[in-house]
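Below: one structure, written as structure tokens.
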Amino acid sequence: MANSSSDRPEAQAVPYQGEPLPNVPEDLVVPNVVSLDFEERLWVPQAPNVWFRPILFNVTQGYFVTLLRVRRSGILSRHRHTGPVHATVIRGKWHYLEHAWWATEGSHAFEPPGDIHTLEVPDGVEEMVTLFHVTGAYIYVDPMGNALGVEDVFSKLATAREHYEKVGLGKNYVDQFIR
Ligand SMILES: [Fe+2]
């Protein structure tokens, strides 16, 4: 028992001896996320020269974690977020036309819900890869903010399932990423 606020609780190398809590989902570990060392067919095409690689589809909390890979320059999309977004840049760089900051290799960006912005990959960047943690939906918008389309964990999941079936991994391959 700790006897002052600076003491740490006992931490011996003894695993938990009790019963697991009920209804706890399995942990999920995806290797080589930073090194990108995995087979090409795991990249799901989403537009010409744009792919995503599933890490986690959380259908009970409405978010998804994916690697986004872009091999072209220019505008990727203009969109509004209904929930928070975290982005960690693994390769290359990008920015939003609406903001002064740049997402550069190794940096982390937080995009608050309600942010409306237009993603551009600059000339000279041959490949951009970013780990995105996206809660809620992307609402694709025109320059005045009118909705043009929507994307969320469910549309991502459906796209990945279709791709993995097509490339021979099977339509159930994507199930390992669902929590
Ligand atoms: Fe965004």
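Residue numbering restarts at 1 for every chain of the structure tokens, chains are lettered A, B, ... in their displayed order, and ligands are numbered from 1 as they appear.
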### Task
Excluding A:Val59 and any residue of its chain fewer than 2 positions from it, enumerate the residues within 7 Å of it, using only C-alpha atoms, and give them as a ChimeraX atom specification.
/A:57,61-63,153,178-179
### Nearby residues, ligand 1, 12 Å, only C-alpha atoms and all ligand atoms, as a VMD selection string
chain A and resid 68 76 to 87 94 to 99 103 109 to 120 130 132 to 141 151
### Query
What gap, in Å, lies between atom CA of A:Val44 and atom CA of A:Arg161?
9.2 Å
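Proximity ranking of A:Asp152, A:Glu165, A:Asp123, A:Asp7 relative to A:Ile75 places A:Asp123 first, based on only C-alpha atoms.
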#### Entry: Which of chain A fall in helix (DSSP H, G or I), as a PyMOL selection string
chain A and resi 40-42+153-166+173-177
Next, write the just-selected residues to a file, as a compact mmCIF listing (two decimals), in the first residue's frame, keeping C-alpha atoms as the atom set.
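Generated file (out_25.txt):
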# COMPACT_ATOMS: atom_id res chain seq x y z
CA GLU A 40 1.03 -4.41 -51.39
CA ARG A 41 -2.45 -5.90 -51.63
CA LEU A 42 -3.24 -4.70 -48.09
CA VAL A 153 -15.99 3.74 -40.46
CA PHE A 154 -18.79 1.84 -42.17
CA SER A 155 -17.98 3.00 -45.71
CA LYS A 156 -14.26 2.38 -45.11
CA LEU A 157 -15.00 -1.10 -43.84
CA ALA A 158 -17.20 -1.93 -46.82
CA THR A 159 -14.58 -0.70 -49.30
CA ALA A 160 -11.82 -2.71 -47.62
CA ARG A 161 -13.97 -5.85 -47.49
CA GLU A 162 -14.72 -5.63 -51.20
CA HIS A 163 -11.04 -5.08 -52.07
CA TYR A 164 -9.74 -7.95 -49.95
CA GLU A 165 -12.20 -10.33 -51.53
CA LYS A 166 -11.15 -9.16 -55.00
CA TYR A 173 -9.91 -10.77 -43.93
CA VAL A 174 -11.02 -7.35 -42.75
CA ASP A 175 -12.78 -8.78 -39.70
CA GLN A 176 -9.48 -8.85 -37.75
CA PHE A 177 -9.47 -5.03 -37.74
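Taking atom CA of A:Asn32 as the reference point, atom CA of A:Pro45 is found at 19.7 Å.
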### Query
Could you pull out all residues of stretch 11-97 of chain A with a DSSP call of strand (DSSP E) and give them as a ChimeraX atom specification?
/A:44-47,50-58,63-70,74-81,85-91,93-96
Could you dump the residues just selected with C-alpha atoms as a PDB file, in the first residue's frame?
ATOM      1  CA  VAL A  44      -7.042  -0.539 -50.529  1.00  0.00           C
ATOM      2  CA  PRO A  45      -7.458   1.736 -53.580  1.00  0.00           C
ATOM      3  CA  GLN A  46      -9.698   4.713 -52.834  1.00  0.00           C
ATOM      4  CA  ALA A  47      -8.961   7.015 -55.804  1.00  0.00           C
ATOM      5  CA  VAL A  50      -4.588   7.093 -53.362  1.00  0.00           C
ATOM      6  CA  TRP A  51      -4.838   4.077 -51.049  1.00  0.00           C
ATOM      7  CA  PHE A  52      -5.623   3.309 -47.421  1.00  0.00           C
ATOM      8  CA  ARG A  53      -4.439   0.471 -45.216  1.00  0.00           C
ATOM      9  CA  PRO A  54      -6.776  -0.518 -42.362  1.00  0.00           C
ATOM     10  CA  ILE A  55      -5.422  -0.528 -38.817  1.00  0.00           C
ATOM     11  CA  LEU A  56      -8.652  -0.477 -36.789  1.00  0.00           C
ATOM     12  CA  PHE A  57     -12.331  -0.190 -37.638  1.00  0.00           C
ATOM     13  CA  ASN A  58     -14.122   0.694 -34.418  1.00  0.00           C
ATOM     14  CA  TYR A  63     -14.022   5.783 -35.532  1.00  0.00           C
ATOM     15  CA  PHE A  64     -11.362   4.325 -37.775  1.00  0.00           C
ATOM     16  CA  VAL A  65      -7.562   4.245 -37.862  1.00  0.00           C
ATOM     17  CA  THR A  66      -5.948   3.896 -41.277  1.00  0.00           C
ATOM     18  CA  LEU A  67      -2.734   4.633 -43.078  1.00  0.00           C
ATOM     19  CA  LEU A  68      -3.392   6.916 -46.034  1.00  0.00           C
ATOM     20  CA  ARG A  69      -0.927   6.712 -48.945  1.00  0.00           C
ATOM     21  CA  VAL A  70      -0.918   9.316 -51.721  1.00  0.00           C
ATOM     22  CA  GLY A  74      -2.479  18.392 -55.828  1.00  0.00           C
ATOM     23  CA  ILE A  75      -5.813  18.645 -54.044  1.00  0.00           C
ATOM     24  CA  LEU A  76      -6.985  15.455 -52.375  1.00  0.00           C
ATOM     25  CA  SER A  77     -10.312  16.608 -50.931  1.00  0.00           C
ATOM     26  CA  ARG A  78     -12.211  19.415 -49.243  1.00  0.00           C
ATOM     27  CA  HIS A  79     -14.068  18.185 -46.199  1.00  0.00           C
ATOM     28  CA  ARG A  80     -15.689  18.901 -42.872  1.00  0.00           C
ATOM     29  CA  HIS A  81     -15.195  16.719 -39.776  1.00  0.00           C
ATOM     30  CA  VAL A  85      -9.024  13.685 -36.074  1.00  0.00           C
ATOM     31  CA  HIS A  86      -5.449  12.799 -35.164  1.00  0.00           C
ATOM     32  CA  ALA A  87      -2.837  12.576 -37.925  1.00  0.00           C
ATOM     33  CA  THR A  88       0.755  11.336 -37.631  1.00  0.00           C
ATOM     34  CA  VAL A  89       2.862  11.855 -40.738  1.00  0.00           C
ATOM     35  CA  ILE A  90       4.992   8.819 -41.617  1.00  0.00           C
ATOM     36  CA  ARG A  91       6.308   9.940 -45.045  1.00  0.00           C
ATOM     37  CA  LYS A  93       4.226  16.269 -46.157  1.00  0.00           C
ATOM     38  CA  TRP A  94       0.891  17.984 -46.800  1.00  0.00           C
ATOM     39  CA  HIS A  95      -1.158  20.936 -45.664  1.00  0.00           C
ATOM     40  CA  TYR A  96      -4.598  22.484 -45.704  1.00  0.00           C
TER      41      TYR A  96
END
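Atom CA of A:Asn172 sits 27.1 Å away from atom CA of A:Leu21.
Taking only C-alpha atoms into account, A:Pro122 lies nearest to A:Thr104 out of the set A:Val167, A:Leu148, A:Thr104, A:Val14.
Candidate residues A:Gly92, A:Gly106, A:Pro143, A:Pro31 were compared for distance to A:Val129, and the nearest is A:Gly92, using only C-alpha atoms.
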